[in-house]
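To be precise, the following lines are run03.txt, and they hold compact mmCIF, N, CA and C atoms.
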# COMPACT_ATOMS: atom_id res chain seq x y z
N MET A 36 21.10 -90.32 19.02
CA MET A 36 20.12 -89.98 18.00
C MET A 36 19.10 -89.01 18.57
N GLY A 37 18.65 -88.11 17.73
CA GLY A 37 17.66 -87.13 18.16
C GLY A 37 16.25 -87.71 18.22
N GLU A 38 15.36 -86.87 18.71
CA GLU A 38 13.97 -87.29 18.81
C GLU A 38 13.27 -87.22 17.46
N VAL A 39 12.34 -88.14 17.26
CA VAL A 39 11.53 -88.17 16.05
C VAL A 39 10.07 -88.33 16.47
N THR A 40 9.21 -87.48 15.93
CA THR A 40 7.78 -87.58 16.15
C THR A 40 7.11 -87.75 14.80
N ILE A 41 6.19 -88.71 14.72
CA ILE A 41 5.42 -88.90 13.50
C ILE A 41 3.94 -88.77 13.84
N TYR A 42 3.27 -87.92 13.10
CA TYR A 42 1.82 -87.78 13.18
C TYR A 42 1.28 -88.80 12.20
N HIS A 43 0.76 -89.88 12.75
CA HIS A 43 0.60 -91.14 12.02
C HIS A 43 -0.86 -91.57 11.93
N ASN A 44 -1.21 -92.09 10.76
CA ASN A 44 -2.50 -92.75 10.57
C ASN A 44 -2.19 -94.17 10.10
N PRO A 45 -2.40 -95.18 10.94
CA PRO A 45 -2.04 -96.54 10.56
C PRO A 45 -2.84 -97.08 9.37
N ALA A 46 -3.93 -96.42 9.00
CA ALA A 46 -4.70 -96.86 7.84
C ALA A 46 -4.09 -96.39 6.52
N CYS A 47 -3.08 -95.53 6.59
CA CYS A 47 -2.45 -94.94 5.40
C CYS A 47 -1.15 -95.67 5.09
N SER A 48 -1.02 -96.20 3.87
CA SER A 48 0.19 -96.96 3.51
C SER A 48 1.44 -96.08 3.52
N LYS A 49 1.33 -94.84 3.10
CA LYS A 49 2.51 -93.96 3.13
C LYS A 49 2.94 -93.68 4.58
N SER A 50 1.98 -93.49 5.45
CA SER A 50 2.28 -93.27 6.85
C SER A 50 2.95 -94.51 7.46
N ARG A 51 2.44 -95.68 7.13
CA ARG A 51 3.06 -96.93 7.62
C ARG A 51 4.47 -97.07 7.08
N ASP A 52 4.69 -96.74 5.81
CA ASP A 52 6.03 -96.85 5.22
C ASP A 52 7.01 -95.88 5.87
N VAL A 53 6.56 -94.66 6.13
CA VAL A 53 7.45 -93.67 6.78
C VAL A 53 7.82 -94.16 8.18
N LEU A 54 6.86 -94.69 8.91
CA LEU A 54 7.15 -95.24 10.24
C LEU A 54 8.15 -96.39 10.14
N ARG A 55 8.01 -97.26 9.14
CA ARG A 55 8.96 -98.36 8.93
C ARG A 55 10.37 -97.84 8.69
N VAL A 56 10.49 -96.78 7.88
CA VAL A 56 11.80 -96.19 7.59
C VAL A 56 12.43 -95.68 8.88
N ILE A 57 11.65 -94.94 9.65
CA ILE A 57 12.15 -94.35 10.90
C ILE A 57 12.63 -95.44 11.85
N GLU A 58 11.82 -96.47 12.04
CA GLU A 58 12.18 -97.55 12.95
C GLU A 58 13.36 -98.36 12.43
N ALA A 59 13.42 -98.61 11.11
CA ALA A 59 14.54 -99.37 10.53
C ALA A 59 15.84 -98.59 10.62
N ALA A 60 15.75 -97.27 10.75
CA ALA A 60 16.94 -96.44 10.90
C ALA A 60 17.43 -96.43 12.36
N GLY A 61 16.69 -97.08 13.24
CA GLY A 61 17.13 -97.21 14.62
C GLY A 61 16.49 -96.24 15.60
N TYR A 62 15.53 -95.47 15.14
CA TYR A 62 14.85 -94.52 16.01
C TYR A 62 13.67 -95.19 16.71
N GLU A 63 13.35 -94.67 17.89
CA GLU A 63 12.13 -95.05 18.60
C GLU A 63 11.24 -93.82 18.62
N PRO A 64 10.44 -93.65 17.57
CA PRO A 64 9.69 -92.39 17.43
C PRO A 64 8.52 -92.28 18.40
N LYS A 65 8.19 -91.04 18.69
CA LYS A 65 6.94 -90.76 19.37
C LYS A 65 5.88 -90.81 18.27
N VAL A 66 4.90 -91.69 18.41
CA VAL A 66 3.86 -91.86 17.41
C VAL A 66 2.59 -91.17 17.92
N VAL A 67 2.14 -90.17 17.18
CA VAL A 67 0.93 -89.43 17.56
C VAL A 67 -0.21 -89.92 16.66
N PRO A 68 -1.15 -90.65 17.24
CA PRO A 68 -2.28 -91.18 16.46
C PRO A 68 -3.36 -90.09 16.32
N TYR A 69 -3.08 -89.09 15.49
CA TYR A 69 -3.93 -87.91 15.44
C TYR A 69 -5.37 -88.20 15.01
N MET A 70 -5.60 -89.31 14.33
CA MET A 70 -6.97 -89.64 13.93
C MET A 70 -7.82 -89.97 15.16
N LYS A 71 -7.20 -90.55 16.19
CA LYS A 71 -7.91 -90.87 17.43
C LYS A 71 -7.84 -89.70 18.41
N ALA A 72 -6.66 -89.11 18.52
CA ALA A 72 -6.44 -88.06 19.52
C ALA A 72 -7.02 -86.72 19.08
N GLY A 73 -7.14 -86.53 17.78
CA GLY A 73 -7.57 -85.23 17.27
C GLY A 73 -6.40 -84.25 17.27
N TRP A 74 -6.69 -83.03 16.90
CA TRP A 74 -5.68 -81.99 16.83
C TRP A 74 -5.98 -80.91 17.86
N ASP A 75 -4.95 -80.43 18.51
CA ASP A 75 -5.03 -79.22 19.30
C ASP A 75 -4.75 -78.07 18.35
N ARG A 76 -5.60 -77.07 18.33
CA ARG A 76 -5.50 -75.97 17.36
C ARG A 76 -4.12 -75.31 17.38
N GLU A 77 -3.64 -74.95 18.55
CA GLU A 77 -2.35 -74.26 18.63
C GLU A 77 -1.19 -75.17 18.21
N GLU A 78 -1.28 -76.44 18.59
CA GLU A 78 -0.24 -77.40 18.19
C GLU A 78 -0.20 -77.56 16.67
N LEU A 79 -1.38 -77.67 16.06
CA LEU A 79 -1.43 -77.81 14.61
C LEU A 79 -0.92 -76.54 13.92
N LYS A 80 -1.30 -75.38 14.42
CA LYS A 80 -0.80 -74.13 13.84
C LYS A 80 0.72 -74.06 13.94
N GLN A 81 1.28 -74.46 15.08
CA GLN A 81 2.73 -74.43 15.25
C GLN A 81 3.41 -75.45 14.34
N LEU A 82 2.82 -76.62 14.23
CA LEU A 82 3.38 -77.66 13.35
C LEU A 82 3.44 -77.16 11.91
N LEU A 83 2.36 -76.53 11.46
CA LEU A 83 2.33 -75.98 10.10
C LEU A 83 3.36 -74.87 9.94
N ALA A 84 3.46 -73.99 10.93
CA ALA A 84 4.44 -72.90 10.86
C ALA A 84 5.86 -73.47 10.78
N ASP A 85 6.14 -74.47 11.60
CA ASP A 85 7.47 -75.08 11.61
C ASP A 85 7.78 -75.78 10.29
N ALA A 86 6.75 -76.28 9.62
CA ALA A 86 6.93 -76.94 8.32
C ALA A 86 6.94 -75.93 7.17
N GLY A 87 6.59 -74.67 7.48
CA GLY A 87 6.52 -73.66 6.43
C GLY A 87 5.36 -73.90 5.49
N MET A 88 4.27 -74.46 6.02
CA MET A 88 3.11 -74.80 5.20
C MET A 88 1.86 -74.10 5.73
N THR A 89 0.90 -73.96 4.85
CA THR A 89 -0.38 -73.37 5.22
C THR A 89 -1.43 -74.47 5.32
N PRO A 90 -2.56 -74.19 5.95
CA PRO A 90 -3.64 -75.18 5.96
C PRO A 90 -4.06 -75.59 4.55
N HIS A 91 -4.05 -74.64 3.60
CA HIS A 91 -4.38 -75.00 2.21
C HIS A 91 -3.42 -76.06 1.66
N GLU A 92 -2.14 -75.93 1.99
CA GLU A 92 -1.12 -76.84 1.45
C GLU A 92 -1.16 -78.22 2.08
N ILE A 93 -1.62 -78.31 3.32
CA ILE A 93 -1.63 -79.59 4.03
C ILE A 93 -2.99 -80.27 3.98
N LEU A 94 -3.94 -79.64 3.32
CA LEU A 94 -5.31 -80.16 3.23
C LEU A 94 -5.35 -81.44 2.39
N ARG A 95 -5.91 -82.47 2.96
CA ARG A 95 -6.11 -83.74 2.23
C ARG A 95 -7.30 -83.54 1.31
N ARG A 96 -7.04 -83.52 0.03
CA ARG A 96 -8.06 -83.18 -0.96
C ARG A 96 -8.82 -84.40 -1.48
N GLN A 97 -8.16 -85.55 -1.47
CA GLN A 97 -8.79 -86.77 -1.99
C GLN A 97 -9.13 -87.71 -0.84
N ARG A 98 -10.11 -88.54 -1.05
CA ARG A 98 -10.51 -89.57 -0.07
C ARG A 98 -10.83 -88.97 1.30
N GLY A 99 -11.47 -87.87 1.30
CA GLY A 99 -11.88 -87.26 2.54
C GLY A 99 -13.01 -86.29 2.28
N PRO A 100 -13.49 -85.62 3.32
CA PRO A 100 -14.66 -84.76 3.17
C PRO A 100 -14.38 -83.34 2.69
N ALA A 101 -13.17 -83.05 2.20
CA ALA A 101 -12.84 -81.68 1.81
C ALA A 101 -13.81 -81.11 0.79
N MET A 102 -14.14 -81.88 -0.24
CA MET A 102 -15.05 -81.38 -1.27
C MET A 102 -16.46 -81.19 -0.70
N GLU A 103 -16.94 -82.18 0.03
CA GLU A 103 -18.28 -82.10 0.60
C GLU A 103 -18.43 -80.92 1.55
N LEU A 104 -17.35 -80.56 2.24
CA LEU A 104 -17.39 -79.45 3.19
C LEU A 104 -17.16 -78.09 2.52
N GLY A 105 -16.95 -78.10 1.19
CA GLY A 105 -16.76 -76.86 0.46
C GLY A 105 -15.38 -76.25 0.61
N LEU A 106 -14.41 -77.04 1.11
CA LEU A 106 -13.07 -76.50 1.37
C LEU A 106 -12.22 -76.33 0.12
N LEU A 107 -12.67 -76.87 -1.00
CA LEU A 107 -11.92 -76.75 -2.25
C LEU A 107 -12.40 -75.56 -3.08
N GLU A 108 -13.39 -74.88 -2.58
CA GLU A 108 -13.95 -73.72 -3.29
C GLU A 108 -13.00 -72.53 -3.19
N GLU A 109 -13.07 -71.66 -4.18
CA GLU A 109 -12.28 -70.44 -4.17
C GLU A 109 -12.73 -69.56 -3.01
N GLY A 110 -11.79 -68.90 -2.37
CA GLY A 110 -12.11 -67.96 -1.31
C GLY A 110 -12.15 -68.55 0.08
N VAL A 111 -11.98 -69.85 0.22
CA VAL A 111 -11.96 -70.46 1.55
C VAL A 111 -10.66 -70.03 2.24
N THR A 112 -10.79 -69.56 3.47
CA THR A 112 -9.63 -69.03 4.19
C THR A 112 -8.87 -70.14 4.92
N ASP A 113 -7.62 -69.83 5.29
CA ASP A 113 -6.84 -70.76 6.09
C ASP A 113 -7.53 -71.02 7.42
N ALA A 114 -8.14 -70.01 8.00
CA ALA A 114 -8.84 -70.16 9.29
C ALA A 114 -10.00 -71.14 9.15
N GLN A 115 -10.74 -71.07 8.05
CA GLN A 115 -11.85 -72.00 7.83
C GLN A 115 -11.34 -73.43 7.68
N ILE A 116 -10.25 -73.58 6.95
CA ILE A 116 -9.68 -74.92 6.77
C ILE A 116 -9.16 -75.45 8.10
N LEU A 117 -8.49 -74.61 8.87
CA LEU A 117 -7.98 -75.02 10.17
C LEU A 117 -9.13 -75.45 11.09
N ASP A 118 -10.21 -74.70 11.11
CA ASP A 118 -11.39 -75.07 11.90
C ASP A 118 -11.90 -76.45 11.47
N ALA A 119 -11.97 -76.69 10.18
CA ALA A 119 -12.45 -77.98 9.67
C ALA A 119 -11.49 -79.10 10.05
N MET A 120 -10.18 -78.83 10.04
CA MET A 120 -9.19 -79.85 10.40
C MET A 120 -9.32 -80.24 11.87
N ILE A 121 -9.66 -79.29 12.72
CA ILE A 121 -9.85 -79.58 14.13
C ILE A 121 -11.08 -80.49 14.30
N GLU A 122 -12.12 -80.18 13.55
CA GLU A 122 -13.35 -80.97 13.64
C GLU A 122 -13.23 -82.33 12.94
N HIS A 123 -12.46 -82.37 11.85
CA HIS A 123 -12.30 -83.59 11.04
C HIS A 123 -10.80 -83.86 10.83
N PRO A 124 -10.14 -84.54 11.77
CA PRO A 124 -8.69 -84.77 11.66
C PRO A 124 -8.24 -85.40 10.35
N VAL A 125 -9.12 -86.14 9.69
CA VAL A 125 -8.79 -86.80 8.42
C VAL A 125 -8.42 -85.79 7.33
N LEU A 126 -8.77 -84.53 7.52
CA LEU A 126 -8.48 -83.50 6.51
C LEU A 126 -7.01 -83.12 6.44
N VAL A 127 -6.23 -83.54 7.43
CA VAL A 127 -4.79 -83.22 7.43
C VAL A 127 -4.06 -84.33 6.68
N GLU A 128 -3.35 -83.93 5.63
CA GLU A 128 -2.57 -84.90 4.85
C GLU A 128 -1.49 -85.47 5.74
N ARG A 129 -1.07 -86.69 5.46
CA ARG A 129 -0.10 -87.37 6.30
C ARG A 129 0.88 -88.17 5.49
N PRO A 130 1.95 -88.58 6.15
CA PRO A 130 2.35 -88.36 7.52
C PRO A 130 3.18 -87.08 7.65
N ILE A 131 3.12 -86.48 8.81
CA ILE A 131 3.96 -85.33 9.14
C ILE A 131 4.99 -85.83 10.13
N VAL A 132 6.25 -85.46 9.92
CA VAL A 132 7.34 -85.90 10.79
C VAL A 132 8.10 -84.68 11.29
N ARG A 133 8.43 -84.72 12.60
CA ARG A 133 9.25 -83.68 13.23
C ARG A 133 10.53 -84.33 13.77
N THR A 134 11.68 -83.75 13.43
CA THR A 134 12.96 -84.17 13.99
C THR A 134 13.75 -82.90 14.31
N ASP A 135 14.97 -83.09 14.79
CA ASP A 135 15.85 -81.94 15.05
C ASP A 135 16.17 -81.19 13.76
N LYS A 136 16.00 -81.84 12.62
CA LYS A 136 16.30 -81.21 11.33
C LYS A 136 15.13 -80.45 10.74
N GLY A 137 13.94 -80.57 11.36
CA GLY A 137 12.79 -79.83 10.84
C GLY A 137 11.51 -80.62 10.88
N VAL A 138 10.50 -80.06 10.20
CA VAL A 138 9.17 -80.66 10.11
C VAL A 138 8.80 -80.71 8.64
N ALA A 139 8.22 -81.83 8.22
CA ALA A 139 7.80 -81.94 6.81
C ALA A 139 6.67 -82.93 6.66
N LEU A 140 5.86 -82.67 5.65
CA LEU A 140 4.90 -83.64 5.17
C LEU A 140 5.71 -84.63 4.33
N CYS A 141 5.71 -85.89 4.71
CA CYS A 141 6.58 -86.87 4.06
C CYS A 141 5.85 -87.59 2.94
N ARG A 142 5.52 -86.83 1.92
CA ARG A 142 4.94 -87.32 0.68
C ARG A 142 5.75 -86.68 -0.42
N PRO A 143 6.47 -87.43 -1.20
CA PRO A 143 6.59 -88.89 -1.18
C PRO A 143 7.33 -89.39 0.06
N VAL A 144 7.28 -90.69 0.28
CA VAL A 144 7.85 -91.34 1.45
C VAL A 144 9.33 -90.98 1.62
N GLY A 145 10.07 -90.92 0.54
CA GLY A 145 11.50 -90.64 0.60
C GLY A 145 11.85 -89.30 1.23
N LYS A 146 10.89 -88.42 1.34
CA LYS A 146 11.14 -87.11 1.96
C LYS A 146 11.56 -87.24 3.42
N VAL A 147 11.17 -88.34 4.07
CA VAL A 147 11.56 -88.54 5.47
C VAL A 147 13.08 -88.63 5.61
N LEU A 148 13.76 -89.09 4.58
CA LEU A 148 15.22 -89.22 4.65
C LEU A 148 15.89 -87.87 4.89
N ASP A 149 15.28 -86.79 4.39
CA ASP A 149 15.83 -85.44 4.60
C ASP A 149 15.81 -85.04 6.07
N LEU A 150 14.96 -85.69 6.85
CA LEU A 150 14.78 -85.33 8.26
C LEU A 150 15.57 -86.22 9.23
N LEU A 151 16.19 -87.28 8.71
CA LEU A 151 16.87 -88.25 9.56
C LEU A 151 18.39 -88.14 9.43
N GLU A 152 19.07 -88.22 10.58
CA GLU A 152 20.54 -88.28 10.57
C GLU A 152 21.01 -89.65 10.11
N ASN A 153 20.30 -90.69 10.55
CA ASN A 153 20.64 -92.08 10.20
C ASN A 153 19.55 -92.64 9.31
N TRP A 154 19.97 -93.47 8.37
CA TRP A 154 19.03 -94.12 7.46
C TRP A 154 19.08 -95.64 7.64
N PRO A 155 18.05 -96.33 7.19
CA PRO A 155 18.12 -97.79 7.17
C PRO A 155 19.23 -98.23 6.20
N GLU A 156 19.77 -99.38 6.47
CA GLU A 156 20.79 -99.93 5.58
C GLU A 156 20.13 -100.32 4.26
N GLY A 157 20.81 -100.02 3.15
CA GLY A 157 20.28 -100.36 1.83
C GLY A 157 20.70 -101.76 1.42
N PRO A 158 19.97 -102.37 0.54
CA PRO A 158 18.76 -101.85 -0.09
C PRO A 158 17.57 -101.91 0.89
N PHE A 159 16.71 -100.90 0.76
CA PHE A 159 15.51 -100.82 1.61
C PHE A 159 14.35 -100.42 0.72
N ALA A 160 13.27 -101.20 0.82
CA ALA A 160 12.11 -100.97 -0.05
C ALA A 160 10.88 -100.61 0.78
N ARG A 161 9.97 -99.89 0.13
CA ARG A 161 8.66 -99.65 0.73
C ARG A 161 7.93 -100.98 0.82
N SER A 162 6.84 -101.01 1.55
CA SER A 162 6.09 -102.25 1.71
C SER A 162 5.53 -102.78 0.39
N ASN A 163 5.36 -101.90 -0.61
CA ASN A 163 4.86 -102.33 -1.92
C ASN A 163 5.98 -102.83 -2.83
N GLY A 164 7.21 -102.87 -2.30
CA GLY A 164 8.34 -103.38 -3.07
C GLY A 164 9.15 -102.31 -3.79
N THR A 165 8.66 -101.08 -3.83
CA THR A 165 9.38 -100.00 -4.49
C THR A 165 10.64 -99.66 -3.70
N LEU A 166 11.78 -99.69 -4.37
CA LEU A 166 13.06 -99.42 -3.72
C LEU A 166 13.13 -97.97 -3.28
N LEU A 167 13.49 -97.75 -2.01
CA LEU A 167 13.62 -96.41 -1.45
C LEU A 167 15.09 -96.03 -1.30
N ILE A 168 15.89 -96.99 -0.85
CA ILE A 168 17.34 -96.81 -0.70
C ILE A 168 18.00 -97.96 -1.45
N ASP A 169 18.96 -97.61 -2.33
CA ASP A 169 19.58 -98.67 -3.14
C ASP A 169 20.66 -99.42 -2.33
N ALA A 170 21.29 -100.40 -2.97
CA ALA A 170 22.28 -101.25 -2.32
C ALA A 170 23.51 -100.47 -1.86
N GLN A 171 23.76 -99.32 -2.50
CA GLN A 171 24.91 -98.48 -2.11
C GLN A 171 24.53 -97.51 -0.97
N GLY A 172 23.28 -97.58 -0.51
CA GLY A 172 22.84 -96.69 0.57
C GLY A 172 22.39 -95.33 0.12
N LEU A 173 22.11 -95.18 -1.20
CA LEU A 173 21.68 -93.91 -1.74
C LEU A 173 20.18 -93.88 -1.95
N PRO A 174 19.57 -92.73 -1.75
CA PRO A 174 18.11 -92.65 -1.95
C PRO A 174 17.76 -92.76 -3.42
N VAL A 175 16.67 -93.44 -3.69
CA VAL A 175 16.14 -93.55 -5.05
C VAL A 175 15.29 -92.31 -5.29
N PRO A 176 15.59 -91.50 -6.30
CA PRO A 176 14.85 -90.26 -6.53
C PRO A 176 13.36 -90.47 -6.78
N GLY A 177 12.55 -89.57 -6.23
CA GLY A 177 11.13 -89.55 -6.52
C GLY A 177 10.27 -90.57 -5.80
N VAL A 178 10.84 -91.31 -4.85
CA VAL A 178 10.07 -92.36 -4.17
C VAL A 178 9.56 -91.86 -2.83

This entry written out as structure tokens:
Amino acid sequence: MGEVTIYHNPACSKSRDVLRVIEAAGYEPKVVPYMKAGWDREELKQLLADAGMTPHEILRRQRGPAMELGLLEEGVTDAQILDAMIEHPVLVERPIVRTDKGVALCRPVGKVLDLLENWPEGPFARSNGTLLIDAQGLPVPGV
């Protein structure tokens, strides 16, 4: 099995669910606690480039300081958002997962399946009981 890295916030239910999926599939992921460790500017820029996303696209807009910091205003540049993300790690939406198949923001949770060679055996549900993989081992759309 290939390497899996998850940029994880244990306070986030979606991040916890994605980690559960990865571990249930048999992987031992590298878990990066970015809320404690913070972000390295070049690492974050590379992660976004590899995911094909911009700072605007990965910006956590709800339940964080984005509005208070003026980051939702028209004309805010990617550089300004990136600077704010370095200063306030909570501004980066999560979870982000890197595997040999690519990098993606795994929202919805089921998006992590696109990055894994192996999946958990079905049926497999999120912690809230929502089915993610059915009894036949197929992904449930939109979860």

Task: One-decimal distance in Å that lies between atom CA of Ala160 of chain A and atom CA of Arg98 of chain A - done: 25.3 Å

Task: Spatial neighbours of Trp74 of chain A, max dist 9 Å, only C-alpha atoms, sep filter under 6 positions, as a ChimeraX atom specification - done: /A:120-124

Open item on the list: At a cut-off of 7 Å around the point (4.1, -79.4, 3.7) (file coordinates), what residues fall inside when counting all atoms listed in the file? I'd like the answer as a ChimeraX atom specification.
Closed with: /A:86-89,92-93,138-141

TODO: Go through A:Gln115, A:Ser48, A:Ser162, A:Thr40 and flag the residue nearest Val67 of chain A, using all atoms listed in the file for the distances.
DONE: A:Thr40

Task: A:Pro68, A:His43, A:Lys49, A:Val178 ranked by distance to Thr165 of chain A, top pick (using all atoms listed in the file) - done: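 Using all atoms listed in the file, the shortest distance to Thr165 of chain A belongs to A:Val178.
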
Task: Gap from atom CA of Leu54 of chain A to atom CA of Ile41 of chain A - Å, one decimal - done: 7.3 Å

Open item on the list: One number please: atom C of Asp85 of chain A to atom C of Leu173 of chain A, in Å, one decimal.
Closed with: 25.1 Å

- [ ] Just the alpha helix (DSSP H) stuff from segment 79-162 of chain A, please, per backbone DSSP, written as a list in words.
- [x]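 Here are the alpha helix (DSSP H) residues of segment 79-162 of chain A: Leu79, Lys80, Gln81, Leu82, Leu83, Ala84, Asp85, Ala86, Pro90, His91, Glu92, Ile93, Asp113, Ala114, Gln115, Ile116, Leu117, Asp118, Ala119, Met120, Ile121 and Glu122 of chain A.
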
Residues of the last selection are to be written out with N, CA and C atoms, as a compact mmCIF listing (two decimals), in the frame of the given file.
# COMPACT_ATOMS: atom_id res chain seq x y z
N LEU A 79 -1.38 -77.67 16.06
CA LEU A 79 -1.43 -77.81 14.61
C LEU A 79 -0.92 -76.54 13.92
N LYS A 80 -1.30 -75.38 14.42
CA LYS A 80 -0.80 -74.13 13.84
C LYS A 80 0.72 -74.06 13.94
N GLN A 81 1.28 -74.46 15.08
CA GLN A 81 2.73 -74.43 15.25
C GLN A 81 3.41 -75.45 14.34
N LEU A 82 2.82 -76.62 14.23
CA LEU A 82 3.38 -77.66 13.35
C LEU A 82 3.44 -77.16 11.91
N LEU A 83 2.36 -76.53 11.46
CA LEU A 83 2.33 -75.98 10.10
C LEU A 83 3.36 -74.87 9.94
N ALA A 84 3.46 -73.99 10.93
CA ALA A 84 4.44 -72.90 10.86
C ALA A 84 5.86 -73.47 10.78
N ASP A 85 6.14 -74.47 11.60
CA ASP A 85 7.47 -75.08 11.61
C ASP A 85 7.78 -75.78 10.29
N ALA A 86 6.75 -76.28 9.62
CA ALA A 86 6.93 -76.94 8.32
C ALA A 86 6.94 -75.93 7.17
N PRO A 90 -2.56 -74.19 5.95
CA PRO A 90 -3.64 -75.18 5.96
C PRO A 90 -4.06 -75.59 4.55
N HIS A 91 -4.05 -74.64 3.60
CA HIS A 91 -4.38 -75.00 2.21
C HIS A 91 -3.42 -76.06 1.66
N GLU A 92 -2.14 -75.93 1.99
CA GLU A 92 -1.12 -76.84 1.45
C GLU A 92 -1.16 -78.22 2.08
N ILE A 93 -1.62 -78.31 3.32
CA ILE A 93 -1.63 -79.59 4.03
C ILE A 93 -2.99 -80.27 3.98
N ASP A 113 -7.62 -69.83 5.29
CA ASP A 113 -6.84 -70.76 6.09
C ASP A 113 -7.53 -71.02 7.42
N ALA A 114 -8.14 -70.01 8.00
CA ALA A 114 -8.84 -70.16 9.29
C ALA A 114 -10.00 -71.14 9.15
N GLN A 115 -10.74 -71.07 8.05
CA GLN A 115 -11.85 -72.00 7.83
C GLN A 115 -11.34 -73.43 7.68
N ILE A 116 -10.25 -73.58 6.95
CA ILE A 116 -9.68 -74.92 6.77
C ILE A 116 -9.16 -75.45 8.10
N LEU A 117 -8.49 -74.61 8.87
CA LEU A 117 -7.98 -75.02 10.17
C LEU A 117 -9.13 -75.45 11.09
N ASP A 118 -10.21 -74.70 11.11
CA ASP A 118 -11.39 -75.07 11.90
C ASP A 118 -11.90 -76.45 11.47
N ALA A 119 -11.97 -76.69 10.18
CA ALA A 119 -12.45 -77.98 9.67
C ALA A 119 -11.49 -79.10 10.05
N MET A 120 -10.18 -78.83 10.04
CA MET A 120 -9.19 -79.85 10.40
C MET A 120 -9.32 -80.24 11.87
N ILE A 121 -9.66 -79.29 12.72
CA ILE A 121 -9.85 -79.58 14.13
C ILE A 121 -11.08 -80.49 14.30
N GLU A 122 -12.12 -80.18 13.55
CA GLU A 122 -13.35 -80.97 13.64
C GLU A 122 -13.23 -82.33 12.94

Assuming the input is short of atoms at segment 108-120 of chain A, produce N, CA, C and O atoms for that part as a compact mmCIF listing (two decimals), in the coordinates of the input.
# COMPACT_ATOMS: atom_id res chain seq x y z
N GLU A 108 -13.39 -74.88 -2.58
CA GLU A 108 -13.95 -73.72 -3.29
C GLU A 108 -13.00 -72.53 -3.19
O GLU A 108 -12.23 -72.40 -2.23
N GLU A 109 -13.07 -71.66 -4.18
CA GLU A 109 -12.28 -70.44 -4.17
C GLU A 109 -12.73 -69.56 -3.01
O GLU A 109 -13.91 -69.50 -2.68
N GLY A 110 -11.79 -68.90 -2.37
CA GLY A 110 -12.11 -67.96 -1.31
C GLY A 110 -12.15 -68.55 0.08
O GLY A 110 -12.34 -67.82 1.05
N VAL A 111 -11.98 -69.85 0.22
CA VAL A 111 -11.96 -70.46 1.55
C VAL A 111 -10.66 -70.03 2.24
O VAL A 111 -9.58 -70.10 1.67
N THR A 112 -10.79 -69.56 3.47
CA THR A 112 -9.63 -69.03 4.19
C THR A 112 -8.87 -70.14 4.92
O THR A 112 -9.41 -71.22 5.19
N ASP A 113 -7.62 -69.83 5.29
CA ASP A 113 -6.84 -70.76 6.09
C ASP A 113 -7.53 -71.02 7.42
O ASP A 113 -7.53 -72.15 7.91
N ALA A 114 -8.14 -70.01 8.00
CA ALA A 114 -8.84 -70.16 9.29
C ALA A 114 -10.00 -71.14 9.15
O ALA A 114 -10.22 -71.98 10.04
N GLN A 115 -10.74 -71.07 8.05
CA GLN A 115 -11.85 -72.00 7.83
C GLN A 115 -11.34 -73.43 7.68
O GLN A 115 -11.94 -74.37 8.21
N ILE A 116 -10.25 -73.58 6.95
CA ILE A 116 -9.68 -74.92 6.77
C ILE A 116 -9.16 -75.45 8.10
O ILE A 116 -9.39 -76.61 8.45
N LEU A 117 -8.49 -74.61 8.87
CA LEU A 117 -7.98 -75.02 10.17
C LEU A 117 -9.13 -75.45 11.09
O LEU A 117 -9.04 -76.49 11.76
N ASP A 118 -10.21 -74.70 11.11
CA ASP A 118 -11.39 -75.07 11.90
C ASP A 118 -11.90 -76.45 11.47
O ASP A 118 -12.22 -77.28 12.33
N ALA A 119 -11.97 -76.69 10.18
CA ALA A 119 -12.45 -77.98 9.67
C ALA A 119 -11.49 -79.10 10.05
O ALA A 119 -11.93 -80.21 10.36
N MET A 120 -10.18 -78.83 10.04
CA MET A 120 -9.19 -79.85 10.40
C MET A 120 -9.32 -80.24 11.87
O MET A 120 -9.12 -81.41 12.22
